[in-house]
Amino acid sequence: AKQISIAVENDILVKRSKELAIKDETTGLYNYNYMKARLAEEIKRALVYQRPCGYLMVDVDGFKDYTASHGPEKGDALLKEAGAILQGSVTEIDKVGRLCDDKFGVILPERNKRQSVNIAEEIRKKIEEGLGKSLGLDKKLTVSIGVAENPIDGSTAEEIMEKAERLVRNAKSLGK
């Protein structure tokens, strides 16, 4: 009984530590919970000081097919490389995180929509030019990006993230 209680307690502690973690294990970027909380903080700051805050949602096109044909290890390598490209495309103040399987988020404090769109286009080009080559692929890999800004697209983290998600879905429906 004592060993069972220790095992249960250990399991609870492992789950709690995962909840408290702020980094994604695969990419080393921030995780969804951290990104959502940080975006909420940045939006509050932007509203108080009447400054913009941009947000990008980046979705790797064809990731599930790539992982199915090349295996999960290659899929993880693709995510790490995409994360490195994203991190290298922004400043130290900006935050980059992996939201879920093939989706990344980028918080851009003090950036309006036009500036955020320019950064998104820069990221799109870097990924299209570099991601496939670095992994030794014949074809180019692309991303779909949704750009949102407060207060234009919402005044809460949920509204901003939801708007960016809708824009990503729209980009995918228009041909990625």
# chains A, B, ... in the order shown; residues from 1 in each chain; ligands from 1

$ residues_around --residues "A:Val60" --least-positions-apart "4" --cutoff "7 Å" --atoms "only C-alpha atoms" --output "list in words"
Asp102, Lys103, Thr142, Val143 and Ser144 of chain A

$ write_last_selection --atoms "N, CA and C atoms" --output "PDB file, in the first residue's frame"
ATOM      1  N   ASP A 102       1.377  21.490 -35.102  1.00  0.00           N
ATOM      2  CA  ASP A 102       2.109  22.196 -36.153  1.00  0.00           C
ATOM      3  C   ASP A 102       1.812  23.693 -36.164  1.00  0.00           C
ATOM      4  N   LYS A 103       1.340  24.216 -35.052  1.00  0.00           N
ATOM      5  CA  LYS A 103       1.002  25.636 -34.948  1.00  0.00           C
ATOM      6  C   LYS A 103       1.933  26.342 -33.970  1.00  0.00           C
ATOM      7  N   THR A 142       5.821  25.169 -46.920  1.00  0.00           N
ATOM      8  CA  THR A 142       5.210  26.481 -46.756  1.00  0.00           C
ATOM      9  C   THR A 142       4.470  26.551 -45.423  1.00  0.00           C
ATOM     10  N   VAL A 143       4.097  27.786 -45.070  1.00  0.00           N
ATOM     11  CA  VAL A 143       3.295  28.012 -43.870  1.00  0.00           C
ATOM     12  C   VAL A 143       2.133  28.922 -44.221  1.00  0.00           C
ATOM     13  N   SER A 144       1.067  28.792 -43.460  1.00  0.00           N
ATOM     14  CA  SER A 144      -0.059  29.722 -43.523  1.00  0.00           C
ATOM     15  C   SER A 144      -0.002  30.537 -42.242  1.00  0.00           C
TER      16      SER A 144
END

$ residues_around --residues "stretch 35-42 of chain A" --least-positions-apart "4" --cutoff "8 Å" --atoms "only C-alpha atoms" --output "number ranges by chain"
A: 30-31, 46, 53, 95-97, 99, 105, 107, 109, 156-158

$ atom_distance --atom1 "atom CA of A:Ile119" --atom2 "atom CA of A:Ser89"
7.6 Å

$ closest_residue --among "A:Arg169, A:Lys80, A:Lys126, A:Arg45" --to "A:Gly28" --atoms "only C-alpha atoms"
A:Lys80

$ select_by_dssp --residues "stretch 45-97 of chain A" --states "alpha helix (DSSP H)" --output "short mmCIF file (atom, residue, chain, number, x, y, z; two decimals) with all heavy atoms, in the first residue's frame"
data_model
loop_
_atom_site.label_atom_id
_atom_site.label_comp_id
_atom_site.auth_asym_id
_atom_site.auth_seq_id
_atom_site.Cartn_x
_atom_site.Cartn_y
_atom_site.Cartn_z
N ARG A 45 -1.14 45.65 -21.16
CA ARG A 45 -0.16 46.73 -21.22
C ARG A 45 -0.44 47.64 -22.42
O ARG A 45 -0.38 48.87 -22.32
CB ARG A 45 1.25 46.15 -21.34
CG ARG A 45 2.34 47.21 -21.38
CD ARG A 45 3.74 46.63 -21.43
NE ARG A 45 4.05 45.96 -20.16
CZ ARG A 45 4.29 44.66 -20.03
NH1 ARG A 45 4.29 43.89 -21.08
NH2 ARG A 45 4.56 44.14 -18.86
N ALA A 46 -0.74 47.04 -23.55
CA ALA A 46 -1.01 47.82 -24.77
C ALA A 46 -2.25 48.68 -24.59
O ALA A 46 -2.29 49.83 -25.05
CB ALA A 46 -1.18 46.87 -25.95
N LEU A 47 -3.28 48.16 -23.92
CA LEU A 47 -4.49 48.94 -23.71
C LEU A 47 -4.25 50.11 -22.75
O LEU A 47 -4.72 51.21 -22.99
CB LEU A 47 -5.62 48.05 -23.19
CG LEU A 47 -6.19 47.03 -24.20
CD1 LEU A 47 -7.15 46.08 -23.50
CD2 LEU A 47 -6.86 47.73 -25.35
N VAL A 48 -3.49 49.87 -21.70
CA VAL A 48 -3.21 50.93 -20.73
C VAL A 48 -2.41 52.05 -21.37
O VAL A 48 -2.72 53.22 -21.19
CB VAL A 48 -2.46 50.36 -19.49
CG1 VAL A 48 -1.89 51.48 -18.63
CG2 VAL A 48 -3.39 49.48 -18.66
N TYR A 49 -1.41 51.71 -22.16
CA TYR A 49 -0.55 52.72 -22.75
C TYR A 49 -0.97 53.11 -24.17
O TYR A 49 -0.25 53.85 -24.85
CB TYR A 49 0.91 52.24 -22.75
CG TYR A 49 1.45 52.11 -21.35
CD1 TYR A 49 1.67 50.86 -20.78
CD2 TYR A 49 1.71 53.24 -20.58
CE1 TYR A 49 2.15 50.74 -19.49
CE2 TYR A 49 2.18 53.13 -19.29
CZ TYR A 49 2.41 51.88 -18.75
OH TYR A 49 2.88 51.76 -17.47
N PHE A 63 2.00 19.32 -42.63
CA PHE A 63 2.81 18.70 -41.59
C PHE A 63 2.39 17.27 -41.31
O PHE A 63 3.23 16.38 -41.16
CB PHE A 63 2.77 19.52 -40.30
CG PHE A 63 3.52 18.89 -39.16
CD1 PHE A 63 4.89 18.90 -39.15
CD2 PHE A 63 2.84 18.28 -38.11
CE1 PHE A 63 5.61 18.31 -38.11
CE2 PHE A 63 3.55 17.69 -37.07
CZ PHE A 63 4.93 17.71 -37.08
N LYS A 64 1.10 17.02 -41.26
CA LYS A 64 0.62 15.66 -40.96
C LYS A 64 1.04 14.69 -42.06
O LYS A 64 1.45 13.56 -41.78
CB LYS A 64 -0.89 15.67 -40.77
CG LYS A 64 -1.29 16.33 -39.45
CD LYS A 64 -2.79 16.31 -39.25
CE LYS A 64 -3.20 16.92 -37.94
NZ LYS A 64 -2.87 18.30 -37.73
N ASP A 65 0.95 15.10 -43.32
CA ASP A 65 1.40 14.26 -44.43
C ASP A 65 2.90 14.02 -44.36
O ASP A 65 3.38 12.91 -44.61
CB ASP A 65 1.04 14.90 -45.78
CG ASP A 65 -0.46 15.01 -45.99
OD1 ASP A 65 -1.22 14.22 -45.38
OD2 ASP A 65 -0.88 15.89 -46.77
N TYR A 66 3.65 15.06 -44.05
CA TYR A 66 5.10 14.95 -43.94
C TYR A 66 5.47 13.94 -42.85
O TYR A 66 6.31 13.07 -43.06
CB TYR A 66 5.72 16.32 -43.63
CG TYR A 66 7.21 16.28 -43.44
CD1 TYR A 66 8.07 16.31 -44.52
CD2 TYR A 66 7.76 16.18 -42.16
CE1 TYR A 66 9.44 16.25 -44.35
CE2 TYR A 66 9.13 16.12 -41.98
CZ TYR A 66 9.97 16.16 -43.07
OH TYR A 66 11.32 16.09 -42.90
N THR A 67 4.84 14.06 -41.70
CA THR A 67 5.13 13.14 -40.59
C THR A 67 4.72 11.71 -40.94
O THR A 67 5.43 10.76 -40.60
CB THR A 67 4.41 13.60 -39.31
OG1 THR A 67 4.84 14.93 -39.01
CG2 THR A 67 4.74 12.72 -38.13
N ALA A 68 3.59 11.57 -41.62
CA ALA A 68 3.13 10.23 -42.01
C ALA A 68 4.11 9.57 -42.98
O ALA A 68 4.35 8.36 -42.90
CB ALA A 68 1.74 10.31 -42.63
N SER A 69 4.68 10.33 -43.90
CA SER A 69 5.56 9.73 -44.90
C SER A 69 7.02 9.65 -44.44
O SER A 69 7.75 8.78 -44.89
CB SER A 69 5.48 10.50 -46.21
OG SER A 69 5.87 11.83 -46.05
N HIS A 70 7.47 10.53 -43.55
CA HIS A 70 8.87 10.55 -43.14
C HIS A 70 9.11 10.06 -41.72
O HIS A 70 10.26 9.89 -41.31
CB HIS A 70 9.44 11.96 -43.28
CG HIS A 70 9.55 12.42 -44.69
ND1 HIS A 70 8.52 13.05 -45.35
CD2 HIS A 70 10.57 12.34 -45.57
CE1 HIS A 70 8.90 13.33 -46.57
NE2 HIS A 70 10.13 12.91 -46.73
N PRO A 72 7.89 10.21 -37.29
CA PRO A 72 7.79 11.23 -36.24
C PRO A 72 9.11 11.92 -35.90
O PRO A 72 9.12 13.08 -35.53
CB PRO A 72 7.24 10.46 -35.04
CG PRO A 72 7.44 9.03 -35.33
CD PRO A 72 7.52 8.88 -36.81
N GLU A 73 10.24 11.22 -36.05
CA GLU A 73 11.53 11.86 -35.76
C GLU A 73 11.80 13.00 -36.73
O GLU A 73 12.26 14.08 -36.33
CB GLU A 73 12.68 10.83 -35.83
CG GLU A 73 12.61 9.76 -34.76
CD GLU A 73 11.70 8.60 -35.17
OE1 GLU A 73 11.39 8.45 -36.38
OE2 GLU A 73 11.27 7.86 -34.27
N LYS A 74 11.53 12.76 -38.01
CA LYS A 74 11.70 13.82 -39.03
C LYS A 74 10.70 14.94 -38.80
O LYS A 74 11.00 16.11 -39.03
CB LYS A 74 11.54 13.25 -40.44
CG LYS A 74 12.61 12.28 -40.84
CD LYS A 74 13.80 13.00 -41.37
CE LYS A 74 14.77 12.00 -41.96
NZ LYS A 74 15.91 12.62 -42.57
N GLY A 75 9.50 14.59 -38.33
CA GLY A 75 8.50 15.61 -38.00
C GLY A 75 8.98 16.51 -36.88
O GLY A 75 8.83 17.73 -36.94
N ASP A 76 9.59 15.91 -35.87
CA ASP A 76 10.15 16.70 -34.76
C ASP A 76 11.29 17.60 -35.25
O ASP A 76 11.41 18.74 -34.82
CB ASP A 76 10.64 15.79 -33.63
CG ASP A 76 9.50 15.17 -32.83
OD1 ASP A 76 8.34 15.59 -33.02
OD2 ASP A 76 9.78 14.26 -32.02
N ALA A 77 12.12 17.07 -36.15
CA ALA A 77 13.22 17.86 -36.70
C ALA A 77 12.67 19.05 -37.48
O ALA A 77 13.21 20.17 -37.39
CB ALA A 77 14.11 17.00 -37.60
N LEU A 78 11.59 18.84 -38.22
CA LEU A 78 10.96 19.93 -38.97
C LEU A 78 10.44 21.00 -38.01
O LEU A 78 10.62 22.19 -38.24
CB LEU A 78 9.82 19.38 -39.83
CG LEU A 78 9.10 20.38 -40.71
CD1 LEU A 78 8.76 19.74 -42.05
CD2 LEU A 78 7.84 20.89 -40.07
N LEU A 79 9.80 20.58 -36.93
CA LEU A 79 9.28 21.53 -35.95
C LEU A 79 10.40 22.33 -35.29
O LEU A 79 10.28 23.54 -35.10
CB LEU A 79 8.46 20.80 -34.87
CG LEU A 79 7.14 20.20 -35.32
CD1 LEU A 79 6.53 19.38 -34.20
CD2 LEU A 79 6.18 21.27 -35.80
N LYS A 80 11.51 21.66 -34.96
CA LYS A 80 12.64 22.35 -34.36
C LYS A 80 13.22 23.38 -35.31
O LYS A 80 13.53 24.51 -34.92
CB LYS A 80 13.74 21.35 -33.97
CG LYS A 80 13.40 20.52 -32.76
CD LYS A 80 14.49 19.52 -32.48
CE LYS A 80 14.05 18.56 -31.38
NZ LYS A 80 15.00 17.49 -31.18
N GLU A 81 13.36 23.00 -36.57
CA GLU A 81 13.91 23.92 -37.57
C GLU A 81 12.97 25.09 -37.81
O GLU A 81 13.41 26.25 -37.90
CB GLU A 81 14.19 23.16 -38.87
CG GLU A 81 14.87 23.98 -39.92
CD GLU A 81 16.29 24.41 -39.54
OE1 GLU A 81 16.94 23.70 -38.75
OE2 GLU A 81 16.74 25.45 -40.04
N ALA A 82 11.67 24.83 -37.91
CA ALA A 82 10.69 25.91 -38.08
C ALA A 82 10.73 26.85 -36.88
O ALA A 82 10.69 28.07 -37.04
CB ALA A 82 9.29 25.33 -38.26
N GLY A 83 10.82 26.30 -35.69
CA GLY A 83 10.91 27.12 -34.48
C GLY A 83 12.16 27.98 -34.48
O GLY A 83 12.12 29.15 -34.09
N ALA A 84 13.27 27.43 -34.94
CA ALA A 84 14.52 28.20 -35.00
C ALA A 84 14.41 29.34 -36.00
O ALA A 84 14.89 30.45 -35.73
CB ALA A 84 15.68 27.28 -35.37
N ILE A 85 13.76 29.10 -37.13
CA ILE A 85 13.56 30.15 -38.12
C ILE A 85 12.68 31.25 -37.54
O ILE A 85 12.96 32.44 -37.70
CB ILE A 85 12.97 29.58 -39.43
CG1 ILE A 85 14.02 28.71 -40.14
CG2 ILE A 85 12.48 30.69 -40.35
CD1 ILE A 85 13.49 27.93 -41.32
N LEU A 86 11.60 30.87 -36.87
CA LEU A 86 10.72 31.85 -36.25
C LEU A 86 11.47 32.68 -35.21
O LEU A 86 11.37 33.91 -35.20
CB LEU A 86 9.51 31.16 -35.60
CG LEU A 86 8.48 30.57 -36.53
CD1 LEU A 86 7.50 29.71 -35.74
CD2 LEU A 86 7.74 31.65 -37.27
N GLN A 87 12.20 32.01 -34.35
CA GLN A 87 12.93 32.70 -33.28
C GLN A 87 13.97 33.65 -33.87
O GLN A 87 14.17 34.75 -33.36
CB GLN A 87 13.62 31.67 -32.37
CG GLN A 87 14.18 32.26 -31.10
CD GLN A 87 13.10 32.68 -30.13
OE1 GLN A 87 12.21 31.92 -29.80
NE2 GLN A 87 13.16 33.90 -29.68
N GLY A 88 14.59 33.25 -34.97
CA GLY A 88 15.59 34.09 -35.61
C GLY A 88 15.01 35.25 -36.39
O GLY A 88 15.75 36.14 -36.83
#

$ residues_around --residues "A:Val147" --least-positions-apart "5" --cutoff "10 Å" --atoms "only C-alpha atoms" --output "count of residues only"
21

$ closest_residue --among "A:Lys44, A:Phe104, A:Asp59, A:Arg51" --to "A:Leu29" --atoms "only C-alpha atoms"
A:Phe104

$ decode --residues "stretch 157-169 of chain A" --atoms "N, CA, C and O atoms" --output "short mmCIF file (atom, residue, chain, number, x, y, z; two decimals), in the first residue's frame"
data_model
loop_
_atom_site.label_atom_id
_atom_site.label_comp_id
_atom_site.auth_asym_id
_atom_site.auth_seq_id
_atom_site.Cartn_x
_atom_site.Cartn_y
_atom_site.Cartn_z
N ALA A 157 -6.83 38.06 -25.06
CA ALA A 157 -5.96 37.06 -25.68
C ALA A 157 -6.79 36.05 -26.47
O ALA A 157 -6.42 35.66 -27.58
N GLU A 158 -7.92 35.65 -25.92
CA GLU A 158 -8.77 34.67 -26.60
C GLU A 158 -9.28 35.21 -27.93
O GLU A 158 -9.27 34.50 -28.94
N GLU A 159 -9.72 36.46 -27.94
CA GLU A 159 -10.24 37.06 -29.17
C GLU A 159 -9.14 37.18 -30.23
O GLU A 159 -9.37 36.88 -31.40
N ILE A 160 -7.96 37.61 -29.81
CA ILE A 160 -6.84 37.77 -30.75
C ILE A 160 -6.43 36.42 -31.32
O ILE A 160 -6.23 36.26 -32.52
N MET A 161 -6.30 35.41 -30.45
CA MET A 161 -5.89 34.08 -30.90
C MET A 161 -6.95 33.46 -31.82
O MET A 161 -6.62 32.82 -32.81
N GLU A 162 -8.21 33.66 -31.48
CA GLU A 162 -9.30 33.14 -32.29
C GLU A 162 -9.32 33.79 -33.68
O GLU A 162 -9.49 33.11 -34.69
N LYS A 163 -9.11 35.09 -33.73
CA LYS A 163 -9.07 35.81 -35.01
C LYS A 163 -7.92 35.29 -35.87
O LYS A 163 -8.09 35.03 -37.06
N ALA A 164 -6.75 35.14 -35.29
CA ALA A 164 -5.59 34.63 -36.03
C ALA A 164 -5.85 33.21 -36.53
O ALA A 164 -5.49 32.87 -37.66
N GLU A 165 -6.49 32.39 -35.71
CA GLU A 165 -6.84 31.02 -36.11
C GLU A 165 -7.79 31.03 -37.31
O GLU A 165 -7.61 30.26 -38.26
N ARG A 166 -8.79 31.90 -37.28
CA ARG A 166 -9.72 32.02 -38.42
C ARG A 166 -8.98 32.43 -39.69
O ARG A 166 -9.25 31.92 -40.77
N LEU A 167 -8.05 33.35 -39.55
CA LEU A 167 -7.29 33.81 -40.71
C LEU A 167 -6.39 32.71 -41.26
O LEU A 167 -6.20 32.61 -42.48
N VAL A 168 -5.84 31.87 -40.40
CA VAL A 168 -5.04 30.72 -40.86
C VAL A 168 -5.93 29.75 -41.63
O VAL A 168 -5.56 29.28 -42.71
N ARG A 169 -7.11 29.44 -41.08
CA ARG A 169 -8.03 28.54 -41.77
C ARG A 169 -8.42 29.11 -43.13
O ARG A 169 -8.51 28.38 -44.13
#
